[in-house]
file run_22.cif (mmCIF, C-alpha atoms)
data_coords
#
loop_
_atom_site.label_atom_id
_atom_site.label_comp_id
_atom_site.auth_asym_id
_atom_site.auth_seq_id
_atom_site.Cartn_x
_atom_site.Cartn_y
_atom_site.Cartn_z
CA LEU A 15 53.80 -29.23 -23.15
CA MET A 16 51.39 -29.40 -20.29
CA GLN A 17 51.11 -26.14 -18.31
CA ALA A 18 52.86 -27.63 -15.26
CA ASP A 19 55.73 -28.87 -17.43
CA LEU A 20 56.06 -25.47 -19.05
CA LEU A 21 56.21 -23.80 -15.63
CA LYS A 22 58.96 -26.22 -14.55
CA GLN A 23 60.84 -25.52 -17.77
CA ILE A 24 60.61 -21.75 -17.18
CA ALA A 25 61.86 -22.20 -13.60
CA ARG A 26 64.84 -24.23 -14.86
CA GLN A 27 65.59 -21.69 -17.57
CA ALA A 28 65.88 -18.93 -14.95
CA THR A 29 69.29 -20.36 -14.05
CA GLU A 30 70.22 -22.55 -17.03
CA GLY A 31 69.03 -20.30 -19.83
CA VAL A 32 66.81 -20.79 -22.88
CA THR A 33 68.55 -22.85 -25.56
CA CYS A 34 68.29 -22.18 -29.27
CA ALA A 35 66.48 -25.52 -29.66
CA GLU A 36 63.90 -24.54 -27.02
CA GLY A 37 63.42 -21.17 -28.69
CA GLN A 38 62.92 -22.81 -32.08
CA ARG A 39 60.28 -25.16 -30.63
CA VAL A 40 58.40 -22.10 -29.34
CA ARG A 41 58.61 -20.40 -32.76
CA ASN A 42 57.42 -23.57 -34.50
CA TYR A 43 54.48 -23.89 -32.12
CA PHE A 44 53.44 -20.25 -32.59
CA GLN A 45 53.70 -20.48 -36.37
CA SER A 46 51.59 -23.65 -36.34
CA GLN A 47 48.75 -21.64 -34.78
CA ILE A 48 48.14 -19.77 -38.02
CA ARG A 49 46.04 -21.81 -40.38
CA GLY A 50 46.45 -20.57 -43.92
CA SER A 51 47.84 -17.17 -44.84
CA VAL A 52 49.23 -14.91 -42.12
CA ASP A 53 47.69 -12.00 -44.02
CA LYS A 54 44.19 -13.42 -43.48
CA TYR A 55 44.75 -14.26 -39.79
CA ARG A 56 42.66 -11.81 -37.72
CA PRO A 57 43.19 -12.26 -33.97
CA ASN A 58 41.55 -9.86 -31.51
CA VAL A 59 44.45 -10.16 -29.05
CA ILE A 60 48.03 -9.09 -29.66
CA ILE A 61 50.95 -9.64 -27.29
CA SER A 62 53.83 -7.25 -26.66
CA TYR A 63 56.96 -8.65 -25.01
CA ALA A 64 60.75 -8.33 -25.04
CA THR A 65 62.76 -11.52 -25.50
CA GLY A 66 65.28 -10.43 -22.87
CA THR A 67 68.25 -12.45 -24.09
CA ARG A 68 70.70 -12.74 -21.18
CA MET A 69 74.14 -12.36 -22.75
CA GLU A 70 77.32 -10.54 -21.75
CA TRP A 71 76.73 -7.94 -24.49
CA SER A 72 73.38 -7.09 -22.81
CA GLY A 73 74.94 -6.67 -19.35
CA HIS A 74 74.41 -10.19 -18.01
CA PRO A 75 77.45 -11.66 -16.21
CA THR A 76 77.57 -14.66 -18.60
CA ASP A 77 76.10 -15.81 -21.89
CA LEU A 78 73.06 -17.64 -20.54
CA ASP A 79 70.54 -17.80 -23.42
CA GLY A 80 70.81 -18.91 -27.00
CA GLU A 81 70.84 -16.21 -29.65
CA GLY A 82 67.39 -14.65 -29.99
CA CYS A 83 66.03 -16.54 -26.98
CA GLY A 84 65.20 -15.46 -23.45
CA PRO A 85 62.70 -15.48 -20.60
CA GLY A 86 60.26 -13.06 -22.27
CA MET A 87 59.79 -15.54 -25.09
CA MET A 88 58.97 -18.29 -22.59
CA TYR A 89 56.53 -16.15 -20.59
CA THR A 90 54.80 -15.31 -23.86
CA HIS A 91 54.67 -19.02 -24.70
CA LEU A 92 52.91 -19.67 -21.39
CA ILE A 93 50.27 -16.99 -22.08
CA VAL A 94 49.71 -18.16 -25.66
CA ARG A 95 49.11 -21.70 -24.39
CA TYR A 96 46.52 -20.45 -21.88
CA LEU A 97 44.80 -18.37 -24.56
CA GLU A 98 44.73 -21.32 -26.95
CA ARG A 99 43.11 -23.54 -24.31
CA ALA A 100 40.45 -20.84 -23.87
CA GLY A 101 39.86 -20.66 -27.64
CA ILE A 102 41.31 -17.14 -27.96
CA ALA A 103 43.41 -16.43 -31.03
CA CYS A 104 46.38 -14.11 -30.52
CA PHE A 105 49.41 -12.77 -32.36
CA THR A 106 53.03 -12.01 -31.49
CA GLY A 107 56.13 -11.39 -33.53
CA LEU A 108 56.92 -15.09 -33.05
CA HIS A 109 53.89 -16.07 -35.12
CA VAL A 110 55.71 -15.13 -38.33
CA GLU A 111 58.86 -16.68 -39.73
CA GLY A 112 62.18 -14.94 -39.22
CA GLY A 113 62.84 -12.27 -41.80
CA TYR A 114 59.12 -11.70 -42.39
CA ASN A 115 58.38 -8.00 -42.67
CA TRP A 116 57.73 -6.58 -39.19
CA HIS A 117 54.93 -4.36 -40.53
CA VAL A 118 52.66 -7.44 -40.25
CA TYR A 119 52.75 -7.10 -36.44
CA PHE A 120 51.54 -3.50 -36.63
CA GLU A 121 48.81 -4.42 -39.13
CA LYS A 122 47.53 -7.02 -36.64
CA LEU A 123 47.85 -4.50 -33.80
CA ARG A 124 45.68 -1.95 -35.59
CA ARG A 125 42.89 -4.53 -35.99
CA ALA A 126 43.10 -5.99 -32.48
CA ASP A 127 40.93 -5.09 -29.49
CA VAL A 128 43.28 -6.07 -26.67
CA MET A 129 47.04 -5.98 -26.10
CA ILE A 130 48.54 -8.24 -23.45
CA VAL A 131 51.80 -6.76 -22.21
CA ILE A 132 54.41 -9.18 -20.83
CA MET A 133 56.24 -6.92 -18.38
CA THR A 134 59.86 -7.77 -17.58
CA PRO A 135 62.95 -5.61 -17.02
CA ALA A 136 63.85 -6.15 -20.70
CA PHE A 137 60.41 -4.89 -21.75
CA PHE A 138 60.97 -1.52 -20.06
CA LYS A 139 64.33 -1.13 -21.83
CA SER A 140 62.98 -2.05 -25.27
CA VAL A 141 62.48 0.72 -27.85
CA PRO A 142 60.36 -1.54 -30.10
CA CYS A 143 58.07 -2.38 -27.13
CA PHE A 144 57.72 1.35 -26.43
CA HIS A 145 56.61 1.91 -30.03
CA GLU A 146 54.15 -0.97 -29.78
CA GLN A 147 52.61 0.66 -26.69
CA LEU A 148 52.30 4.01 -28.46
CA GLU A 149 50.60 2.36 -31.43
CA ALA A 150 48.24 0.42 -29.15
CA ARG A 151 47.21 3.62 -27.34
CA LYS A 152 46.77 5.46 -30.64
CA ASN A 153 44.47 2.68 -31.89
CA GLY A 154 42.40 2.45 -28.69
CA LEU A 155 43.38 -1.06 -27.64
CA GLN A 156 42.59 -2.19 -24.12
CA LEU A 157 45.89 -2.94 -22.38
CA LEU A 158 46.27 -5.90 -20.05
CA PRO A 159 49.66 -5.70 -18.30
CA LEU A 160 51.06 -8.90 -16.77
CA LEU A 161 54.10 -8.48 -14.50
CA PHE A 162 56.48 -11.43 -14.68
CA GLU A 163 59.75 -10.10 -13.30
CA LEU A 164 61.08 -7.27 -11.21
CA GLU A 165 64.65 -5.97 -11.05
CA GLU A 166 66.59 -7.36 -8.10
CA ASN A 167 66.04 -4.11 -6.23
CA GLY A 168 62.33 -4.47 -7.18
#
call {"tool": "encode", "arguments": {"input": "run_22.cif", "output": "structure tokens"}}
result
Amino acid sequence: LMQADLLKQIARQATEGVTCAEGQRVRNYFQSQIRGSVDKYRPNVIISYATGTRMEWSGHPTDLDGEGCGPGMMYTHLIVRYLERAGIACFTGLHVEGGYNWHVYFEKLRRADVMIVIMTPAFFKSVPCFHEQLEARKNGLQLLPLLFELEENG
């Protein structure tokens, strides 16, 4: 997608939700970025985000997003596209296939120089994101926070 199209898609998804098909296209795109073995992929930038699935079970008034999909995934997609255009390799949990051992993310984190943080309300409620931040600090990564959403009472 062109950047402008992706921005329009994200704006639409704010009210219509992120479908499972849209989420799978994002996963496929991310996984296509790794040429060869994921174990040999050595990006200097890692991204921390929370998917932020908007479902009744998570406190949203209705089931808006497909399972495992949400605005955080789409904001991350936008940033990954910008980084790719600039020739900067990066890594997120979406870069590996579902069921792949999550330790791979932390191995990449420990070798990275920079962590981009996609800040949303879901991010601040996420225990895994908290652990990612602790690990990044422990390993001396430079943190680059990007604020995408505020709570309604902002």
call {"tool": "residues_near_point", "arguments": {"input": "run_22.cif", "point": "(51.5, -8.7, -21.4)", "cutoff": "7 Å", "atoms": "all atoms listed in the file", "output": "ChimeraX atom specification"}}
result
/A:61-63,130-133,158-160
call {"tool": "atom_distance", "arguments": {"input": "run_22.cif", "atom1": "CA of Phe137 (chain A)", "atom2": "CA of Cys83 (chain A)"}}
result
14.0 Å
call {"tool": "resolve_selection", "arguments": {"input": "run_22.cif", "expression": "the PyMOL selection byres ((chain A and resi 32) around 10)", "output": "list of chain:residue names"}}
result
A:Gln23, A:Ile24, A:Arg26, A:Gln27, A:Ala28, A:Thr29, A:Glu30, A:Gly31, A:Thr33, A:Cys34, A:Ala35, A:Glu36, A:Gly37, A:Thr67, A:Arg68, A:Leu78, A:Asp79, A:Gly80, A:Glu81, A:Gly82, A:Cys83, A:Gly84, A:Pro85, A:Met87, A:Met88
call {"tool": "closest_residue", "arguments": {"input": "run_22.cif", "among": "A:Ala150, A:Leu97, A:Leu161, A:Leu108", "to": "Gln38 (chain A)", "atoms": "only C-alpha atoms"}}
result
A:Leu108
call {"tool": "closest_atom_pairs", "arguments": {"input": "run_22.cif", "of": "region 96-166 of chain A", "to": "region 45-57 of chain A", "cutoff": "6 Å", "atoms": "only C-alpha atoms", "output": "Markdown table"}}
result
| residue | atom | partner | partner_atom | distance |
| --- | --- | --- | --- | --- |
| A:Ala103 | CA | A:Pro57 | CA | 5.1 |
| A:Cys104 | CA | A:Pro57 | CA | 5.0 |
| A:His109 | CA | A:Gln45 | CA | 4.6 |
call {"tool": "atom_distance", "arguments": {"input": "run_22.cif", "atom1": "CA of Asn58 (chain A)", "atom2": "CA of Val118 (chain A)"}}
result
14.3 Å
call {"tool": "resolve_selection", "arguments": {"input": "run_22.cif", "expression": "the PyMOL selection byres ((chain A and resi 119) around 10)", "output": "PyMOL selection string"}}
result
chain A and resi 60-62+105-110+114-118+120-124+146
call {"tool": "closest_residue", "arguments": {"input": "run_22.cif", "among": "A:Ala136, A:Met129, A:Ile102, A:Gly73", "to": "Leu148 (chain A)", "atoms": "only C-alpha atoms"}}
result
A:Met129
call {"tool": "atom_distance", "arguments": {"input": "run_22.cif", "atom1": "CA of Gln156 (chain A)", "atom2": "CA of Asp127 (chain A)"}}
result
6.3 Å
call {"tool": "closest_residue", "arguments": {"input": "run_22.cif", "among": "A:Glu98, A:Val128, A:Lys22, A:Glu163", "to": "Gln147 (chain A)", "atoms": "only C-alpha atoms"}}
result
A:Val128
call {"tool": "decode", "arguments": {"input": "run_22.cif", "residues": "region 45-157 of chain A", "atoms": "C-alpha atoms", "output": "PDB file, in the first residue's frame"}}
result
ATOM      1  CA  GLN A  45       7.350 -11.968   7.345  1.00  0.00           C
ATOM      2  CA  SER A  46       8.315 -11.261   3.729  1.00  0.00           C
ATOM      3  CA  GLN A  47      10.842  -8.699   5.003  1.00  0.00           C
ATOM      4  CA  ILE A  48      13.093 -11.430   6.373  1.00  0.00           C
ATOM      5  CA  ARG A  49      15.237 -12.908   3.660  1.00  0.00           C
ATOM      6  CA  GLY A  50      16.498 -16.311   4.691  1.00  0.00           C
ATOM      7  CA  SER A  51      16.556 -17.573   8.260  1.00  0.00           C
ATOM      8  CA  VAL A  52      14.972 -15.490  11.015  1.00  0.00           C
ATOM      9  CA  ASP A  53      17.854 -16.594  13.247  1.00  0.00           C
ATOM     10  CA  LYS A  54      20.366 -14.843  10.970  1.00  0.00           C
ATOM     11  CA  TYR A  55      18.295 -11.656  10.593  1.00  0.00           C
ATOM     12  CA  ARG A  56      20.094  -8.885  12.531  1.00  0.00           C
ATOM     13  CA  PRO A  57      18.139  -5.603  12.530  1.00  0.00           C
ATOM     14  CA  ASN A  58      19.377  -2.640  14.577  1.00  0.00           C
ATOM     15  CA  VAL A  59      15.823  -1.437  15.268  1.00  0.00           C
ATOM     16  CA  ILE A  60      13.168  -3.294  17.226  1.00  0.00           C
ATOM     17  CA  ILE A  61       9.568  -2.190  17.683  1.00  0.00           C
ATOM     18  CA  SER A  62       7.454  -2.591  20.809  1.00  0.00           C
ATOM     19  CA  TYR A  63       3.677  -2.259  20.454  1.00  0.00           C
ATOM     20  CA  ALA A  64       0.416  -3.674  21.786  1.00  0.00           C
ATOM     21  CA  THR A  65      -2.109  -4.939  19.244  1.00  0.00           C
ATOM     22  CA  GLY A  66      -4.992  -3.392  21.181  1.00  0.00           C
ATOM     23  CA  THR A  67      -7.760  -5.695  19.960  1.00  0.00           C
ATOM     24  CA  ARG A  68     -11.070  -3.901  20.574  1.00  0.00           C
ATOM     25  CA  MET A  69     -13.447  -6.615  21.765  1.00  0.00           C
ATOM     26  CA  GLU A  70     -16.123  -6.807  24.449  1.00  0.00           C
ATOM     27  CA  TRP A  71     -13.871  -9.047  26.571  1.00  0.00           C
ATOM     28  CA  SER A  72     -11.267  -6.225  26.600  1.00  0.00           C
ATOM     29  CA  GLY A  73     -13.787  -3.584  27.700  1.00  0.00           C
ATOM     30  CA  HIS A  74     -14.793  -2.245  24.283  1.00  0.00           C
ATOM     31  CA  PRO A  75     -18.563  -1.742  23.843  1.00  0.00           C
ATOM     32  CA  THR A  76     -18.651  -4.102  20.818  1.00  0.00           C
ATOM     33  CA  ASP A  77     -16.470  -6.649  19.060  1.00  0.00           C
ATOM     34  CA  LEU A  78     -14.784  -4.328  16.576  1.00  0.00           C
ATOM     35  CA  ASP A  79     -11.543  -6.079  15.515  1.00  0.00           C
ATOM     36  CA  GLY A  80     -10.799  -9.537  14.241  1.00  0.00           C
ATOM     37  CA  GLU A  81      -9.102 -11.928  16.642  1.00  0.00           C
ATOM     38  CA  GLY A  82      -5.477 -10.923  17.169  1.00  0.00           C
ATOM     39  CA  CYS A  83      -5.892  -7.682  15.208  1.00  0.00           C
ATOM     40  CA  GLY A  84      -6.128  -4.055  16.296  1.00  0.00           C
ATOM     41  CA  PRO A  85      -4.946  -0.494  15.813  1.00  0.00           C
ATOM     42  CA  GLY A  86      -1.493  -1.063  17.334  1.00  0.00           C
ATOM     43  CA  MET A  87      -0.755  -3.588  14.608  1.00  0.00           C
ATOM     44  CA  MET A  88      -1.706  -1.055  11.945  1.00  0.00           C
ATOM     45  CA  TYR A  89       0.342   1.781  13.481  1.00  0.00           C
ATOM     46  CA  THR A  90       3.298  -0.602  13.557  1.00  0.00           C
ATOM     47  CA  HIS A  91       2.671  -1.440   9.901  1.00  0.00           C
ATOM     48  CA  LEU A  92       2.848   2.262   9.050  1.00  0.00           C
ATOM     49  CA  ILE A  93       6.200   2.680  10.845  1.00  0.00           C
ATOM     50  CA  VAL A  94       7.671  -0.481   9.296  1.00  0.00           C
ATOM     51  CA  ARG A  95       6.736   0.816   5.835  1.00  0.00           C
ATOM     52  CA  TYR A  96       8.484   4.135   6.524  1.00  0.00           C
ATOM     53  CA  LEU A  97      11.574   2.352   7.835  1.00  0.00           C
ATOM     54  CA  GLU A  98      11.663   0.065   4.805  1.00  0.00           C
ATOM     55  CA  ARG A  99      11.519   3.045   2.441  1.00  0.00           C
ATOM     56  CA  ALA A 100      14.489   4.521   4.334  1.00  0.00           C
ATOM     57  CA  GLY A 101      16.422   1.245   4.053  1.00  0.00           C
ATOM     58  CA  ILE A 102      16.254   0.523   7.805  1.00  0.00           C
ATOM     59  CA  ALA A 103      15.702  -3.086   8.823  1.00  0.00           C
ATOM     60  CA  CYS A 104      13.537  -3.640  11.900  1.00  0.00           C
ATOM     61  CA  PHE A 105      11.888  -6.425  13.864  1.00  0.00           C
ATOM     62  CA  THR A 106       8.571  -6.929  15.653  1.00  0.00           C
ATOM     63  CA  GLY A 107       6.730  -9.952  16.938  1.00  0.00           C
ATOM     64  CA  LEU A 108       4.806  -9.908  13.651  1.00  0.00           C
ATOM     65  CA  HIS A 109       7.973 -10.740  11.719  1.00  0.00           C
ATOM     66  CA  VAL A 110       7.788 -14.363  12.867  1.00  0.00           C
ATOM     67  CA  GLU A 111       5.060 -16.882  12.132  1.00  0.00           C
ATOM     68  CA  GLY A 112       2.420 -17.577  14.755  1.00  0.00           C
ATOM     69  CA  GLY A 113       3.519 -20.140  17.293  1.00  0.00           C
ATOM     70  CA  TYR A 114       7.195 -19.293  16.785  1.00  0.00           C
ATOM     71  CA  ASN A 115       8.998 -19.165  20.106  1.00  0.00           C
ATOM     72  CA  TRP A 116       8.717 -15.644  21.555  1.00  0.00           C
ATOM     73  CA  HIS A 117      12.321 -15.794  22.815  1.00  0.00           C
ATOM     74  CA  VAL A 118      13.364 -14.789  19.266  1.00  0.00           C
ATOM     75  CA  TYR A 119      11.997 -11.270  19.908  1.00  0.00           C
ATOM     76  CA  PHE A 120      14.160 -10.890  23.014  1.00  0.00           C
ATOM     77  CA  GLU A 121      17.230 -12.232  21.186  1.00  0.00           C
ATOM     78  CA  LYS A 122      16.726  -9.528  18.542  1.00  0.00           C
ATOM     79  CA  LEU A 123      16.128  -6.925  21.257  1.00  0.00           C
ATOM     80  CA  ARG A 124      19.426  -7.713  22.978  1.00  0.00           C
ATOM     81  CA  ARG A 125      21.317  -7.134  19.707  1.00  0.00           C
ATOM     82  CA  ALA A 126      19.442  -3.995  18.636  1.00  0.00           C
ATOM     83  CA  ASP A 127      20.546  -0.393  19.136  1.00  0.00           C
ATOM     84  CA  VAL A 128      17.154   1.334  19.051  1.00  0.00           C
ATOM     85  CA  MET A 129      13.639   0.478  20.214  1.00  0.00           C
ATOM     86  CA  ILE A 130      10.707   2.312  18.663  1.00  0.00           C
ATOM     87  CA  VAL A 131       7.779   2.305  21.063  1.00  0.00           C
ATOM     88  CA  ILE A 132       4.274   2.554  19.562  1.00  0.00           C
ATOM     89  CA  MET A 133       2.406   4.219  22.419  1.00  0.00           C
ATOM     90  CA  THR A 134      -1.342   3.603  22.651  1.00  0.00           C
ATOM     91  CA  PRO A 135      -3.678   3.048  25.615  1.00  0.00           C
ATOM     92  CA  ALA A 136      -3.294  -0.722  25.064  1.00  0.00           C
ATOM     93  CA  PHE A 137       0.494  -0.384  25.249  1.00  0.00           C
ATOM     94  CA  PHE A 138       0.336   1.080  28.763  1.00  0.00           C
ATOM     95  CA  LYS A 139      -1.896  -1.796  29.917  1.00  0.00           C
ATOM     96  CA  SER A 140       0.289  -4.522  28.406  1.00  0.00           C
ATOM     97  CA  VAL A 141       2.446  -6.641  30.727  1.00  0.00           C
ATOM     98  CA  PRO A 142       4.512  -8.017  27.803  1.00  0.00           C
ATOM     99  CA  CYS A 143       5.230  -4.447  26.604  1.00  0.00           C
ATOM    100  CA  PHE A 144       6.341  -3.551  30.131  1.00  0.00           C
ATOM    101  CA  HIS A 145       8.791  -6.469  30.097  1.00  0.00           C
ATOM    102  CA  GLU A 146      10.071  -5.408  26.679  1.00  0.00           C
ATOM    103  CA  GLN A 147      10.775  -1.922  28.057  1.00  0.00           C
ATOM    104  CA  LEU A 148      12.638  -3.348  31.044  1.00  0.00           C
ATOM    105  CA  GLU A 149      14.765  -5.530  28.777  1.00  0.00           C
ATOM    106  CA  ALA A 150      15.486  -2.605  26.445  1.00  0.00           C
ATOM    107  CA  ARG A 151      16.649  -0.445  29.372  1.00  0.00           C
ATOM    108  CA  LYS A 152      18.755  -3.288  30.760  1.00  0.00           C
ATOM    109  CA  ASN A 153      20.461  -3.683  27.367  1.00  0.00           C
ATOM    110  CA  GLY A 154      21.077   0.037  26.834  1.00  0.00           C
ATOM    111  CA  LEU A 155      18.836   0.543  23.811  1.00  0.00           C
ATOM    112  CA  GLN A 156      17.941   4.072  22.779  1.00  0.00           C
ATOM    113  CA  LEU A 157      14.169   4.446  23.104  1.00  0.00           C
TER     114      LEU A 157
END
